[in-house]
$ cat upload-v5.csv   # CSV, C-alpha atoms
chain,number,residue,atom,x,y,z
U,1,MET,CA,0.5,24.9,-0.8
U,2,HIS,CA,3.3,22.5,-0.1
U,3,THR,CA,5.6,22.1,-3.0
U,4,PRO,CA,7.6,18.8,-2.9
U,5,ASP,CA,11.3,18.8,-3.4
U,6,LYS,CA,12.6,18.1,-6.9
U,7,PRO,CA,12.9,14.4,-7.5
U,8,VAL,CA,16.4,13.0,-7.6
U,9,GLU,CA,17.7,11.2,-10.6
U,10,ASP,CA,19.5,8.0,-10.2
U,11,SER,CA,22.9,8.5,-11.6
U,12,GLY,CA,23.8,4.9,-11.2
U,13,ASP,CA,27.2,5.8,-9.8
U,14,ASP,CA,26.4,5.7,-6.1
U,15,GLU,CA,27.0,2.6,-4.2
U,16,THR,CA,23.7,0.9,-3.2
U,17,ILE,CA,22.9,1.5,0.4
U,18,GLU,CA,21.3,-1.3,2.5
U,19,LEU,CA,19.0,-0.3,5.4
U,20,VAL,CA,17.8,-3.0,7.8
U,21,VAL,CA,14.3,-2.5,9.2
U,22,GLY,CA,13.4,-4.7,12.2
U,23,VAL,CA,9.7,-5.6,12.6
U,24,ALA,CA,9.0,-6.7,16.2
U,25,THR,CA,5.6,-8.4,16.5
U,26,SER,CA,3.5,-9.5,19.4
U,27,PRO,CA,3.7,-13.3,19.8
U,28,GLY,CA,0.7,-15.3,18.6
U,29,MET,CA,-1.7,-14.2,16.0
U,30,VAL,CA,0.1,-10.9,15.1
U,31,SER,CA,3.4,-12.8,14.7
U,32,GLU,CA,1.8,-15.4,12.5
U,33,PHE,CA,0.1,-12.8,10.4
U,34,VAL,CA,3.2,-10.6,9.8
U,35,GLY,CA,5.5,-13.5,9.2
U,36,GLY,CA,6.4,-13.9,5.6
U,37,MET,CA,5.8,-10.3,4.7
U,38,GLU,CA,9.5,-9.4,4.4
U,39,ALA,CA,9.6,-9.6,0.6
U,40,GLU,CA,6.4,-7.6,0.2
U,41,LEU,CA,7.6,-4.9,2.5
U,42,SER,CA,11.0,-4.7,0.8
U,43,GLY,CA,9.3,-4.4,-2.6
U,44,ARG,CA,7.0,-1.7,-1.4
U,45,MET,CA,9.8,0.4,0.1
U,46,THR,CA,12.0,0.0,-3.0
U,47,SER,CA,9.1,1.3,-5.1
U,48,ARG,CA,8.6,4.2,-2.7
U,49,VAL,CA,12.2,5.1,-1.9
U,50,PRO,CA,14.5,3.7,-4.6
U,51,HIS,CA,18.3,3.8,-4.6
U,52,VAL,CA,18.2,1.7,-1.4
U,53,ARG,CA,18.3,-2.0,-0.7
U,54,TRP,CA,15.6,-2.5,1.9
U,55,ARG,CA,15.9,-5.6,4.1
U,56,PHE,CA,13.1,-6.4,6.6
U,57,GLU,CA,13.6,-8.7,9.5
U,58,VAL,CA,10.4,-9.9,11.3
U,59,VAL,CA,11.0,-11.2,14.9
U,60,PRO,CA,8.4,-12.1,17.6
U,61,ASP,CA,8.8,-9.9,20.6
U,62,ARG,CA,6.1,-8.2,22.8
U,63,LEU,CA,8.8,-5.8,24.1
U,64,ALA,CA,6.5,-4.3,26.8
U,65,VAL,CA,4.1,-6.0,29.1
U,66,PRO,CA,0.6,-4.5,29.3
U,67,PRO,CA,-0.6,-2.2,30.7
U,68,THR,CA,1.8,0.1,28.8
U,69,ASP,CA,1.9,3.2,26.7
U,70,VAL,CA,3.3,4.4,23.5
U,71,ALA,CA,6.4,6.0,25.0
U,72,GLU,CA,7.3,2.7,26.7
U,73,ILE,CA,6.8,0.6,23.6
U,74,ILE,CA,8.9,3.0,21.5
U,75,SER,CA,11.6,3.0,24.1
U,76,ALA,CA,11.6,-0.8,24.2
U,77,GLY,CA,11.7,-0.9,20.4
U,78,ARG,CA,14.7,1.4,20.5
U,79,GLN,CA,16.6,-0.9,22.8
U,80,ARG,CA,15.9,-3.9,20.5
U,81,LEU,CA,17.0,-1.9,17.5
U,82,LEU,CA,20.4,-1.2,19.2
U,83,ARG,CA,20.9,-4.8,20.3
U,84,GLU,CA,20.1,-6.2,16.8
U,85,GLY,CA,22.0,-3.5,14.8
U,86,TRP,CA,18.9,-2.4,12.9
U,87,ASP,CA,18.8,1.0,11.2
U,88,LEU,CA,15.0,1.4,11.8
U,89,ALA,CA,12.4,-0.5,13.7
U,90,VAL,CA,8.6,-1.0,13.5
U,91,VAL,CA,6.7,-2.6,16.4
U,92,VAL,CA,3.4,-4.3,15.4
U,93,THR,CA,1.4,-4.8,18.6
U,94,ASP,CA,-1.9,-6.4,19.5
U,95,LEU,CA,-2.6,-3.6,22.0
U,96,PRO,CA,-4.8,-0.6,21.2
U,97,ILE,CA,-2.8,2.7,21.3
U,98,GLU,CA,-4.2,6.2,21.7
U,99,THR,CA,-3.1,9.9,22.0
U,100,SER,CA,-5.1,12.5,23.8
U,101,ARG,CA,-7.7,9.7,24.6
U,102,ARG,CA,-8.2,9.2,20.9
U,103,PRO,CA,-7.4,5.8,19.3
U,104,VAL,CA,-4.9,5.9,16.5
U,105,ILE,CA,-3.4,3.4,14.1
U,106,ALA,CA,0.2,4.2,14.6
U,107,HIS,CA,2.9,6.5,16.1
U,108,ALA,CA,6.4,7.2,14.7
U,109,SER,CA,9.4,8.8,16.4
U,110,ALA,CA,12.0,10.1,14.1
U,111,SER,CA,14.4,10.6,17.1
U,112,HIS,CA,14.2,6.9,18.0
U,113,GLY,CA,13.9,5.6,14.5
U,114,VAL,CA,11.0,3.6,15.8
U,115,ALA,CA,7.3,3.3,14.8
U,116,VAL,CA,4.4,1.5,16.4
U,117,VAL,CA,1.4,0.0,14.7
U,118,SER,CA,-1.7,-1.2,16.4
U,119,MET,CA,-3.2,-4.2,14.7
U,120,PRO,CA,-6.7,-3.8,16.3
U,121,ALA,CA,-7.0,-0.3,14.8
U,122,LEU,CA,-6.6,-1.6,11.3
U,123,GLY,CA,-10.1,-3.1,11.3
U,124,ALA,CA,-11.3,-6.5,10.3
U,125,MET,CA,-11.3,-6.4,6.4
U,126,GLY,CA,-8.2,-6.2,4.2
U,127,VAL,CA,-5.9,-6.2,7.2
U,128,ARG,CA,-2.8,-7.5,5.3
U,129,GLN,CA,-3.1,-4.7,2.7
U,130,ARG,CA,-3.6,-2.0,5.3
U,131,LEU,CA,-0.8,-3.3,7.4
U,132,ALA,CA,1.7,-3.3,4.5
U,133,GLU,CA,0.7,0.2,3.5
U,134,THR,CA,0.9,1.5,7.0
U,135,VAL,CA,4.3,0.0,7.7
U,136,THR,CA,5.6,1.3,4.4
U,137,ARG,CA,4.3,4.8,5.1
U,138,LEU,CA,5.8,4.8,8.6
U,139,VAL,CA,9.2,3.7,7.5
U,140,ALA,CA,9.2,6.3,4.7
U,141,ALA,CA,8.2,8.9,7.3
U,142,LEU,CA,11.1,7.9,9.6
U,143,VAL,CA,13.5,8.9,6.7
U,144,GLY,CA,11.6,12.1,6.0
U,145,ASP,CA,9.3,11.1,3.1
U,146,VAL,CA,5.9,12.2,4.2
U,147,ASN,CA,4.4,14.0,1.2
U,148,ALA,CA,5.9,12.3,-1.8
U,149,ALA,CA,2.8,10.4,-3.1
U,150,GLU,CA,-0.3,11.8,-4.7
U,151,VAL,CA,-3.7,10.2,-5.2
U,152,ASP,CA,-5.6,10.9,-8.5
U,153,GLN,CA,-9.3,11.1,-8.9
U,154,TYR,CA,-9.6,7.4,-9.4
U,155,GLY,CA,-7.7,6.6,-6.2
U,156,ALA,CA,-4.5,5.5,-7.8
U,157,VAL,CA,-1.2,6.4,-6.1
U,158,HIS,CA,1.4,8.1,-8.3
U,159,ARG,CA,5.0,8.9,-7.4
U,160,SER,CA,7.6,11.0,-9.2
U,161,GLY,CA,10.6,9.7,-7.2
U,162,PRO,CA,11.9,10.5,-3.7
U,163,PRO,CA,12.6,14.1,-2.7
U,164,ARG,CA,16.2,15.2,-2.4
U,165,ARG,CA,16.0,15.5,1.4
U,166,VAL,CA,14.9,11.8,1.6
U,167,VAL,CA,17.8,10.6,-0.5
U,168,ARG,CA,20.2,12.6,1.7
U,169,ASN,CA,18.7,11.3,4.9
U,170,VAL,CA,18.9,7.7,3.7
U,171,LYS,CA,22.5,8.1,2.6
U,172,GLU,CA,23.4,9.6,6.0
U,173,LEU,CA,21.5,6.9,7.8
U,174,GLY,CA,23.2,4.2,5.8
U,175,GLN,CA,26.7,5.7,6.2
U,176,LYS,CA,28.7,3.7,8.7
U,177,ILE,CA,31.5,5.3,10.6
U,178,GLU,CA,34.2,3.0,12.0
U,179,ALA,CA,34.2,3.1,15.8
U,180,ASP,CA,38.0,3.1,16.1
U,181,GLU,CA,38.3,6.8,16.9
U,182,SER,CA,38.6,8.6,20.3
U,183,ASP,CA,35.2,9.5,21.8
U,184,VAL,CA,35.5,13.2,21.0
U,185,ARG,CA,36.6,12.5,17.4
U,186,MET,CA,33.9,10.0,16.9
U,187,VAL,CA,31.2,12.4,18.1
U,188,ALA,CA,32.5,15.1,15.8
U,189,ARG,CA,32.5,12.8,12.8
U,190,VAL,CA,29.1,11.4,13.5
U,191,THR,CA,27.6,14.9,14.1
U,192,ALA,CA,29.2,16.5,11.0
U,193,GLY,CA,28.4,13.5,8.7
U,194,ASN,CA,24.7,13.5,9.7
U,195,MET,CA,24.0,17.2,10.0
U,196,ARG,CA,21.1,17.3,7.6
U,197,LEU,CA,19.5,14.3,9.2
U,198,LEU,CA,20.0,15.8,12.7
U,199,VAL,CA,18.4,19.1,11.6
U,200,GLY,CA,15.4,17.2,10.1
U,201,ILE,CA,14.9,15.2,13.3
U,202,LEU,CA,15.2,18.3,15.4
U,203,ARG,CA,12.6,20.1,13.3
U,204,ALA,CA,10.2,17.1,13.7
U,205,ASN,CA,10.7,17.2,17.5
U,206,ARG,CA,9.6,20.9,17.7
U,207,PRO,CA,11.8,21.5,20.8
U,208,TRP,CA,10.5,25.1,21.2
U,209,GLN,CA,7.2,23.5,22.4
U,210,LEU,CA,8.9,21.4,25.1
U,211,SER,CA,7.6,23.3,28.1
U,212,MET,CA,4.1,23.6,26.7
U,213,HIS,CA,3.6,19.8,27.1
U,214,LEU,CA,4.8,19.8,30.7
U,215,THR,CA,2.0,21.3,32.7
U,216,ARG,CA,3.5,20.8,36.2
U,217,ALA,CA,6.9,22.2,35.3
U,218,SER,CA,5.4,25.2,33.5
U,219,VAL,CA,3.1,26.0,36.4
U,220,THR,CA,6.0,25.8,38.9
U,221,ALA,CA,8.1,28.1,36.8
U,222,LEU,CA,5.4,30.7,36.5
U,223,GLY,CA,4.6,30.4,40.2
U,224,THR,CA,8.3,30.9,41.1
U,225,ALA,CA,8.4,34.0,38.8
U,226,ALA,CA,5.3,35.5,40.4
U,227,LEU,CA,6.6,34.9,43.9
U,228,ALA,CA,10.1,36.4,43.1
U,229,LEU,CA,8.5,39.5,41.6
U,230,VAL,CA,6.7,40.4,44.9
U,231,THR,CA,9.7,39.7,47.2
U,232,SER,CA,11.6,42.8,48.1
U,233,ASP,CA,14.8,40.8,48.9
U,234,ILE,CA,14.8,39.7,45.2
U,235,TRP,CA,14.6,43.3,44.2
U,236,ARG,CA,17.7,44.1,46.3
U,237,LEU,CA,19.6,41.1,45.0
U,238,GLY,CA,18.9,42.0,41.4
U,239,ASP,CA,20.3,45.5,42.1
U,240,ASP,CA,23.4,44.3,43.9
U,241,LEU,CA,24.5,41.2,42.0
U,242,GLY,CA,25.7,42.9,38.8
U,243,ALA,CA,25.9,41.6,35.2
U,244,VAL,CA,28.6,39.0,35.8
U,245,ARG,CA,26.9,37.2,38.6
U,246,LEU,CA,23.5,37.4,36.9
U,247,SER,CA,25.1,35.8,33.8
U,248,LEU,CA,26.6,33.0,35.9
U,249,ILE,CA,23.2,32.4,37.6
U,250,THR,CA,21.5,32.3,34.2
U,251,VAL,CA,24.0,29.7,32.9
U,252,ALA,CA,23.7,27.7,36.0
U,253,SER,CA,19.9,27.7,35.9
U,254,VAL,CA,19.8,26.7,32.2
U,255,LEU,CA,22.3,23.9,32.7
U,256,THR,CA,20.5,22.7,35.8
U,257,THR,CA,17.2,22.5,34.0
U,258,ILE,CA,18.8,20.7,31.0
U,259,CYS,CA,20.5,18.1,33.2
U,260,THR,CA,17.2,17.6,35.2
U,261,PHE,CA,15.3,16.8,32.0
U,262,ILE,CA,17.9,14.5,30.6
U,263,ILE,CA,19.1,12.7,33.7
U,264,GLY,CA,15.8,12.7,35.6
U,265,ALA,CA,13.8,11.3,32.7
U,266,GLN,CA,16.6,9.0,31.7
U,267,LEU,CA,16.8,10.4,28.2
U,268,TRP,CA,20.5,9.8,27.8
U,269,GLU,CA,21.2,6.5,25.9
U,270,ARG,CA,24.1,4.1,26.4
U,271,SER,CA,25.5,1.9,23.8
U,272,PRO,CA,24.8,-1.8,24.4
U,273,ARG,CA,27.6,-2.8,22.0
U,274,PRO,CA,30.4,-1.1,20.1
U,275,GLU,CA,28.7,-1.4,16.7
U,276,ALA,CA,25.8,0.7,18.1
U,277,ARG,CA,27.9,3.7,19.1
U,278,GLU,CA,27.0,5.7,16.0
U,279,GLN,CA,23.3,5.3,16.5
U,280,VAL,CA,23.6,6.2,20.2
U,281,ILE,CA,25.7,9.3,19.4
U,282,LEU,CA,23.1,10.5,16.9
U,283,PHE,CA,20.3,9.9,19.4
U,284,ASN,CA,22.1,11.6,22.3
U,285,THR,CA,23.0,14.6,20.0
U,286,VAL,CA,19.4,15.0,19.1
U,287,THR,CA,18.3,14.7,22.7
U,288,LEU,CA,20.8,17.3,24.0
U,289,ALA,CA,20.0,19.7,21.2
U,290,THR,CA,16.2,19.2,21.6
U,291,VAL,CA,16.3,19.8,25.4
U,292,THR,CA,18.7,22.7,25.1
U,293,ILE,CA,16.6,24.5,22.5
U,294,GLY,CA,13.5,23.8,24.6
U,295,VAL,CA,15.0,25.2,27.8
U,296,LEU,CA,16.4,28.3,26.0
U,297,SER,CA,13.0,28.9,24.4
U,298,LEU,CA,11.4,28.6,27.9
U,299,TYR,CA,13.9,31.1,29.2
U,300,GLY,CA,13.1,33.6,26.5
U,301,THR,CA,9.4,33.2,27.2
U,302,LEU,CA,10.0,33.7,30.9
U,303,LEU,CA,11.9,36.9,30.2
U,304,VAL,CA,8.9,38.3,28.3
U,305,LEU,CA,6.3,37.2,30.8
U,306,THR,CA,8.4,38.3,33.8
U,307,TRP,CA,8.9,41.8,32.2
U,308,LEU,CA,5.1,42.1,31.7
U,309,GLY,CA,4.6,40.8,35.3
U,310,SER,CA,7.0,43.4,36.7
U,311,LEU,CA,5.1,46.2,35.1
U,312,LEU,CA,1.9,44.9,36.8
U,313,LEU,CA,3.2,43.8,40.2
U,314,VAL,CA,6.2,46.1,41.0
U,315,PRO,CA,5.1,49.7,41.7
U,316,THR,CA,7.9,52.1,40.7
U,317,GLY,CA,7.6,54.2,43.9
U,318,LEU,CA,7.9,51.2,46.2
U,319,PHE,CA,10.7,49.7,44.0
U,320,SER,CA,12.7,52.9,44.2
U,321,GLN,CA,12.1,53.2,48.0
U,322,THR,CA,13.4,49.6,48.5
U,323,LEU,CA,16.5,50.1,46.4
U,324,GLY,CA,17.3,53.5,48.0
U,325,HIS,CA,17.8,55.3,44.7
U,326,PRO,CA,15.7,56.3,41.6
U,327,VAL,CA,14.7,53.3,39.4
U,328,ARG,CA,16.4,53.2,36.0
U,329,ILE,CA,15.7,50.9,33.1
U,330,GLY,CA,18.7,48.8,34.0
U,331,ASP,CA,17.3,48.2,37.5
U,332,GLN,CA,14.1,46.9,36.0
U,333,TRP,CA,16.0,44.7,33.6
U,334,GLU,CA,18.2,43.2,36.4
U,335,LEU,CA,15.1,42.3,38.3
U,336,VAL,CA,13.5,40.6,35.3
U,337,TRP,CA,16.8,38.9,34.5
U,338,LEU,CA,17.2,37.4,38.0
U,339,THR,CA,13.6,36.4,38.3
U,340,SER,CA,13.7,34.6,35.0
U,341,SER,CA,16.7,32.6,36.1
U,342,LEU,CA,15.0,31.7,39.3
U,343,ALA,CA,11.9,30.7,37.4
U,344,THR,CA,13.9,28.5,35.2
U,345,ILE,CA,15.2,26.6,38.2
U,346,GLY,CA,11.6,26.3,39.3
U,347,GLU,CA,11.0,24.6,35.9
U,348,ALA,CA,13.7,22.1,36.8
U,349,VAL,CA,12.0,21.4,40.2
U,350,GLY,CA,8.6,21.0,38.4
U,351,ALA,CA,10.2,18.6,35.9
U,352,GLY,CA,11.0,16.3,38.8
U,353,TRP,CA,7.3,16.0,39.4
U,354,GLU,CA,6.6,15.0,35.8
U,355,SER,CA,6.6,11.3,34.9
U,356,ASN,CA,9.4,10.0,32.7
U,357,GLU,CA,6.8,9.1,30.0
U,358,SER,CA,5.5,12.7,30.0
U,359,VAL,CA,9.0,14.2,29.6
U,360,ARG,CA,9.8,11.7,26.8
U,361,GLU,CA,6.6,12.5,24.9
U,362,ALA,CA,7.4,16.2,25.3
U,363,ALA,CA,11.0,15.9,24.1
U,364,TYR,CA,10.3,13.5,21.3
U,365,THR,CA,7.3,14.5,19.2
U,366,TYR,CA,5.5,11.4,18.0
U,367,ARG,CA,3.8,11.6,14.7
U,368,ALA,CA,0.3,10.1,15.2
U,369,ASP,CA,-1.6,8.5,12.4
U,370,ASP,CA,-5.4,8.1,12.9
U,371,GLN,CA,-6.4,7.7,9.3
U,372,ALA,CA,-9.0,4.9,8.8
U,373,LEU,CA,-7.6,4.1,5.3
U,374,PRO,CA,-3.8,4.3,4.8
U,375,GLU,CA,-4.2,5.6,1.2
U,376,GLU,CA,-6.0,8.7,2.5
U,377,SER,CA,-3.1,9.9,4.5
U,378,PHE,CA,-0.7,10.0,1.5
U,379,THR,CA,-2.0,13.5,0.8
U,380,LYS,CA,-1.9,14.7,4.5
U,381,ALA,CA,1.2,16.5,5.7
U,382,SER,CA,3.0,15.2,8.7
U,383,THR,CA,2.1,17.0,12.0
$ encode --input "upload-v5.csv" --output "structure tokens"
Amino acid sequence: MHTPDKPVEDSGDDETIELVVGVATSPGMVSEFVGGMEAELSGRMTSRVPHVRWRFEVVPDRLAVPPTDVAEIISAGRQRLLREGWDLAVVVTDLPIETSRRPVIAHASASHGVAVVSMPALGAMGVRQRLAETVTRLVAALVGDVNAAEVDQYGAVHRSGPPRRVVRNVKELGQKIEADESDVRMVARVTAGNMRLLVGILRANRPWQLSMHLTRASVTALGTAALALVTSDIWRLGDDLGAVRLSLITVASVLTTICTFIIGAQLWERSPRPEAREQVILFNTVTLATVTIGVLSLYGTLLVLTWLGSLLLVPTGLFSQTLGHPVRIGDQWELVWLTSSLATIGEAVGAGWESNESVREAAYTYRADDQALPEESFTKAST
């Protein structure tokens, strides 16, 4: 059973933090419907996550022209966030959205600080109430508050205050660092000052599952490993290269794959204005850490699978005959080591065949919300 963190008492000594949440709405009916809800949304967020002055700004902007997908909408919402200087953003669209061919109400990306709500998925009755509840829940989820409310047997929602991690995340998100430092010092200060927030976003991204969501890249890596294991020239290379060269090949393969993911899918963000540097540094730090952990996890998995494959595909007698000396454990390990590095490069090649949207969705885990009634999801843990 999940045990929520201990609520935080308001000491009254802390300076009130203001967070600005931009709400971009599709022009037309959605814009007219959401307009004027700023005060209501601010009140709901203050009730849910106190100790913060919540300010909502509603602006009409379709952001992405249909046909489009969730990844593109979130990316466009992120760009608008940076231009406007918002801390978080919610996109309310008149387009249906889905995940795994299943319609959902909303998606939220902690890495981007952006959530998307589909108005058609809210139904036809009580839409304003459902929209307000959904936006409130999504904004709270973006700062880490996903299990802080409870529903009693009568359907009433009760709160005991925000968990400690939420207050820490909000303080770090609202902390502004002056952009008058050198690039290296600025990165160091932003990273150190937002360490808990970065760790929370990384955990939400589940970087160790990166390769599992990229079918073409994973198949290419496994195919490369299988081909290398049955190639006698690879056996000889593994035996002759030595530990130093094998280490260099490993580093090169991992770095190549990381760069392919980040550059090829355009995951690296640039600051549209100086005031957005801190947001951009946070995002790029999360991106680099997510992809690095994902590639290293892949490499570790390939080591295990390649070792098992070598036991099946590489006969000891033929291996010894090819090398010209008796096979030792070290010889087997060198073959596995080299093959895993080559397979990692195969993953980089396969990543080039993946669409940018597929790589983004794999790198940044989106929290899907398909609850028909917003109140019901208060008791559901974030996935």
$ residues_around --input "upload-v5.csv" --residues "Ala289 (chain U)" --least-positions-apart "4" --cutoff "9 Å" --atoms "all atoms listed in the file" --output "JSON, numbers by chain"
{"U": [202, 207, 284, 285, 293, 294]}
$ closest_residue --input "upload-v5.csv" --among "U:Thr292, U:Leu131, U:Val219, U:Gln332" --to "Pro315 (chain U)" --atoms "all atoms listed in the file"
U:Gln332
$ residues_around --input "upload-v5.csv" --residues "Thr46 (chain U)" --least-positions-apart "3" --cutoff "12 Å" --atoms "all atoms listed in the file" --output "list in words"
Thr16, Ile17, Glu18, Leu19, Ala39, Glu40, Leu41, Ser42, Gly43, Val49, Pro50, His51, Val52, Arg53, Trp54, Arg55, Phe56, Thr136, Val139, Ala140, Gly161 and Pro162 of chain U
$ closest_atom_pairs --input "upload-v5.csv" --of "region 198-290 of chain U" --to "region 340-360 of chain U" --cutoff "9 Å" --atoms "all atoms listed in the file" --output "JSON lines"
{"residue": "U:Leu210", "atom": "CA", "partner": "U:Val359", "partner_atom": "CA", "distance": 8.5}
{"residue": "U:Ser211", "atom": "CA", "partner": "U:Glu347", "partner_atom": "CA", "distance": 8.6}
{"residue": "U:His213", "atom": "CA", "partner": "U:Ser358", "partner_atom": "CA", "distance": 7.9}
{"residue": "U:Leu214", "atom": "CA", "partner": "U:Val359", "partner_atom": "CA", "distance": 7.1}
{"residue": "U:Thr215", "atom": "CA", "partner": "U:Glu354", "partner_atom": "CA", "distance": 8.4}
{"residue": "U:Arg216", "atom": "CA", "partner": "U:Gly350", "partner_atom": "CA", "distance": 5.6}
{"residue": "U:Ala217", "atom": "CA", "partner": "U:Gly350", "partner_atom": "CA", "distance": 3.7}
{"residue": "U:Ser218", "atom": "CA", "partner": "U:Glu347", "partner_atom": "CA", "distance": 6.1}
{"residue": "U:Val219", "atom": "CA", "partner": "U:Gly350", "partner_atom": "CA", "distance": 7.7}
{"residue": "U:Thr220", "atom": "CA", "partner": "U:Gly350", "partner_atom": "CA", "distance": 5.5}
{"residue": "U:Ala221", "atom": "CA", "partner": "U:Glu347", "partner_atom": "CA", "distance": 4.6}
{"residue": "U:Leu222", "atom": "CA", "partner": "U:Ala343", "partner_atom": "CA", "distance": 6.6}
{"residue": "U:Gly223", "atom": "CA", "partner": "U:Ala343", "partner_atom": "CA", "distance": 7.8}
{"residue": "U:Thr224", "atom": "CA", "partner": "U:Ala343", "partner_atom": "CA", "distance": 5.2}
{"residue": "U:Ala225", "atom": "CA", "partner": "U:Ala343", "partner_atom": "CA", "distance": 5.0}
{"residue": "U:Ala226", "atom": "CA", "partner": "U:Ala343", "partner_atom": "CA", "distance": 8.7}
{"residue": "U:Ala228", "atom": "CA", "partner": "U:Leu342", "partner_atom": "CA", "distance": 7.8}
{"residue": "U:Leu246", "atom": "CA", "partner": "U:Ser341", "partner_atom": "CA", "distance": 8.4}
{"residue": "U:Ile249", "atom": "CA", "partner": "U:Ser341", "partner_atom": "CA", "distance": 6.7}
{"residue": "U:Thr250", "atom": "CA", "partner": "U:Ser341", "partner_atom": "CA", "distance": 5.2}
{"residue": "U:Val251", "atom": "CA", "partner": "U:Ser341", "partner_atom": "CA", "distance": 8.5}
{"residue": "U:Ala252", "atom": "CA", "partner": "U:Ser341", "partner_atom": "CA", "distance": 8.5}
{"residue": "U:Ser253", "atom": "CA", "partner": "U:Ile345", "partner_atom": "CA", "distance": 5.3}
{"residue": "U:Val254", "atom": "CA", "partner": "U:Thr344", "partner_atom": "CA", "distance": 6.9}
{"residue": "U:Thr256", "atom": "CA", "partner": "U:Ala348", "partner_atom": "CA", "distance": 6.9}
{"residue": "U:Thr257", "atom": "CA", "partner": "U:Ala348", "partner_atom": "CA", "distance": 4.5}
{"residue": "U:Ile258", "atom": "CA", "partner": "U:Ala348", "partner_atom": "CA", "distance": 7.8}
{"residue": "U:Cys259", "atom": "CA", "partner": "U:Ala348", "partner_atom": "CA", "distance": 8.7}
{"residue": "U:Thr260", "atom": "CA", "partner": "U:Ala348", "partner_atom": "CA", "distance": 5.9}
{"residue": "U:Phe261", "atom": "CA", "partner": "U:Ala351", "partner_atom": "CA", "distance": 6.7}
{"residue": "U:Ile262", "atom": "CA", "partner": "U:Val359", "partner_atom": "CA", "distance": 9.0}
{"residue": "U:Gly264", "atom": "CA", "partner": "U:Gly352", "partner_atom": "CA", "distance": 6.8}
{"residue": "U:Ala265", "atom": "CA", "partner": "U:Asn356", "partner_atom": "CA", "distance": 4.6}
{"residue": "U:Gln266", "atom": "CA", "partner": "U:Asn356", "partner_atom": "CA", "distance": 7.3}
{"residue": "U:Leu267", "atom": "CA", "partner": "U:Arg360", "partner_atom": "CA", "distance": 7.3}
$ residues_around --input "upload-v5.csv" --residues "Thr322 (chain U)" --least-positions-apart "6" --cutoff "12 Å" --atoms "all atoms listed in the file" --output "MDAnalysis selection string"
chainID U and resid 230:239 314:316 331
$ residues_near_point --input "upload-v5.csv" --point "(20.8, -2.4, 11.1)" --cutoff "7 Å" --atoms "only C-alpha atoms" --output "ChimeraX atom specification"
/U:19-21,84-88
$ closest_residue --input "upload-v5.csv" --among "U:Thr25, U:Ser31, U:Ser47, U:Gln321" --to "Gly77 (chain U)" --atoms "all atoms listed in the file"
U:Thr25
$ residues_near_point --input "upload-v5.csv" --point "(18.4, 46.9, 36.8)" --cutoff "12 Å" --atoms "only C-alpha atoms" --output "number ranges by chain"
U: 234-243, 246, 307, 310, 319-320, 323, 325-339
$ atom_distance --input "upload-v5.csv" --atom1 "CA of Met37 (chain U)" --atom2 "CA of Gly144 (chain U)"
23.2 Å
